[in-house]
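Asks: First, the structure itself, so that you have it in front of you.
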Amino acid sequence: MKKTVILAALITVMVIIAGCAGTSKEIRIGVAMPTQTRQRWNQDGANLERKLNAHGYKADLQYANNETALQIAQIDKMIDEGCKVIVIGSADGYALGDILDKAKNKGITIIAYDRMIMNTDAVDYYATFDNLAVGIIQGEYIEKKLGLKEGNGPFNLEITAGSLDDSNTLYYFEGAMEILRPYISSGQLIVKSGQTAIKQCAIPHWKEHIAEARMYEILTTYYNDDKVDVILCPNDSTAIGAIGALKAVGYNTADKPMPLITGQDADRKNMRAILNGEQTMSIFKDTRNLAEQTVQMVDAVIAGKTPETNDLGNYNNGVKVVPSFLLRPQFVDKDNYKELLIDSGYYNEHDLAEQ
């Protein structure tokens with residue numbers, strides 16, 4: 001009799017545990033990432049998927065190959081399959097309004113991830129790095145390395161901007177130009193191409209080959225008898241494009257060293273370029289921390305609580321001010337990469353060795 005009671009109790013406990021586990025696993029969280037063609041988005045997706053699964057959710061991770069129609073279809077499927085929250089790194093931040101209206105009508109919470117989703121009231125929260133600070137850090141790095149505050153110059157500068165379908169592009173550009181524009185006006189920085197407007201400098205979809213072709217045209221048109229001293233690149237793919245163009249016209253030699261080149265994301269390929277003296281710096285955005293902060297937002301939403309935010313006024317998507325959590329980026333170069341990247345476990349030495 002006693003054995004029967006104990007067995008019945010054990011079965012009851014196991015059923016309760018299984019029921020709880022089943023309930024947890026039934027909470028689907030959509031993760032819509034823009035592309036797999038860049039290292040950082042692969043890392044973002046993997047970090048989010050791993051952390052969501054570790055918290056007991058069923059993560060539905062999809063990549064859109066930078067195709068807006070594909071991402072819309074993926075989000076539509078996430079809605080139909082009952083995702084409670086959808087985290088979106090948008091392929092085109094200006095094209096998701098209609099599908100997010102559907103999500104809102106279904107009571108689904110939308111978290112914009114590192115790229116603001118524009119012109120819709122269906123975005124509930126935004127998790128990102130301080131995007132204006134990214135550009136400011138790049139501009140200040142140039143300012144310090146060239147000694148612009150001390151009156152050094154003139155130096156030849158060329159400017160690259162990001163993709164115009166990414167709302168972050170404006171923040172990066174304006175942050176950097178806030179620092180550099182006064183020096184352009186004073187003549188300490190000379191843009192020989194004359195291309196200083198964001199639309200002139202933009203690189204569609206951040207494509208490396210487009211950045212390379214544009215910079216090659218600038219170099220062969222305006223610098224046949226002169227050299228460029230600094231190239232402002234908003235991210236690492238545009239920096240690699242600039243490096244390719246520079247090498248094609250004879251830079252990276254003892255007689256013609258590489259100019260100062262900025263970047264963003266601290267991709268492996270670019271860190272190797274920094275260690276080889278081909279690129280000067282990149283912006284390090286620890287995507288592990290961004291994924292953790294995003295999952296904390298998801299936890300709060302599922303628990304019926306208000307997620308933690310630290311910016312309630314600066315990120316207006318054209319329809320509403322979106323409550324945001326901003327993480328602070330840092331620059332990384334050959335002098336501090338070990339502390340920031342190796343000691344923190346983001347990379348190991350093998351990751352940055354020549355391939």
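In the structure tokens, each chain is lettered A, B, ... as it comes, each chain's residues begin at 1, and ligands are numbered from 1 in order of appearance.
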At a cut-off of 10 Å, can you tabulate as a tab-separated table every residue of stretch 165-194 of chain A near stretch 92-96 of chain A together with its closest atom pair and the distance in Å to one decimal, using only C-alpha atoms and ordering rows by chain then number?

Replies:
```
residue	atom	partner	partner_atom	distance
A:Asp165	CA	A:Asp92	CA	5.2
A:Asp166	CA	A:Gly93	CA	5.8
A:Ser167	CA	A:Gly93	CA	6.6
A:Asn168	CA	A:Gly93	CA	9.5
```

Asks: Keeping only N, CA, C and O atoms, write those residues as an mmCIF file, in the first residue's frame.

Replies:
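The file below, selection-v5.cif, is the result:
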```cif
data_model
loop_
_atom_site.group_PDB
_atom_site.id
_atom_site.type_symbol
_atom_site.label_atom_id
_atom_site.label_comp_id
_atom_site.auth_asym_id
_atom_site.auth_seq_id
_atom_site.Cartn_x
_atom_site.Cartn_y
_atom_site.Cartn_z
ATOM 1 N N ASP A 165 18.540 52.318 -46.058
ATOM 2 C CA ASP A 165 17.366 51.616 -45.532
ATOM 3 C C ASP A 165 17.566 51.170 -44.085
ATOM 4 O O ASP A 165 16.695 50.527 -43.502
ATOM 5 N N ASP A 166 18.708 51.523 -43.536
ATOM 6 C CA ASP A 166 19.027 51.228 -42.132
ATOM 7 C C ASP A 166 19.018 52.551 -41.367
ATOM 8 O O ASP A 166 19.841 53.434 -41.638
ATOM 9 N N SER A 167 18.107 52.700 -40.423
ATOM 10 C CA SER A 167 17.980 53.972 -39.705
ATOM 11 C C SER A 167 19.234 54.317 -38.909
ATOM 12 O O SER A 167 19.472 55.493 -38.605
ATOM 13 N N ASN A 168 20.042 53.322 -38.570
ATOM 14 C CA ASN A 168 21.274 53.595 -37.829
ATOM 15 C C ASN A 168 22.272 54.406 -38.645
ATOM 16 O O ASN A 168 23.133 55.091 -38.088
#
```

Asks: Might you pull out every residue within 7 Å of stretch 294-309 of chain A, with only C-alpha atoms counted and same-chain residues fewer than 2 positions away left off, and present them as a VMD selection string?

Replies: chain A and resid 51 to 52 85 127 290 to 292 311 323 to 325

Asks: Which is closer to A:Ala176 than all the others in A:Ser282, A:Ile159, A:Ile29, A:Ile243, using only C-alpha atoms?

Replies: A:Ile159

Asks: When distances are computed from only C-alpha atoms, which of A:Gln293, A:Asn310, A:Asn47, A:Asn270 shows the smallest separation from A:Ala353?

Replies: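 Of A:Gln293, A:Asn310, A:Asn47, A:Asn270, the one nearest A:Ala353, counting only C-alpha atoms, is A:Asn270.
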
Asks: Have a look at A:Lys149, A:Gly187, A:Thr160, A:Thr220 and name the one nearest to A:Pro204; count only C-alpha atoms.

Replies: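 Among the listed residues, the smallest separation from A:Pro204 belongs to A:Thr160.
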
Asks: Mind listing the strand (DSSP E or B) residues of stretch 26-247 of chain A, per DSSP on the backbone, as a PyMOL selection string?

Replies: chain A and resi 28-33+58-63+85-88+109-113+125-129+155-159+161+189-190+202+230-232

Asks: So which residues of stretch 50-169 of chain A fall under helix (DSSP H, G or I) by DSSP, listed as a PyMOL selection string?

Replies: chain A and resi 50-54+68-80+97-105+131-146+168-169

Asks: Could you check the closest approach to A:Asn235 for each of A:Gly263, A:Pro329, A:Gly318, A:Gly97 and tell me which residue wins, using only C-alpha atoms?

Replies: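 Result for the nearest residue to A:Asn235: A:Gly263.
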
Asks: Report, in Å with one decimal, the straight-line distance from atom CA of A:Lys192 to atom CA of A:Lys145.

Replies: 20.4 Å

Asks: For stretch 213-219 of chain A, please output as a list of chain:residue names all residues within 7 Å (counting only C-alpha atoms; exclusion window: fewer than 6 positions along the same chain).

Replies: A:Ser193, A:Ala242, A:Ala245
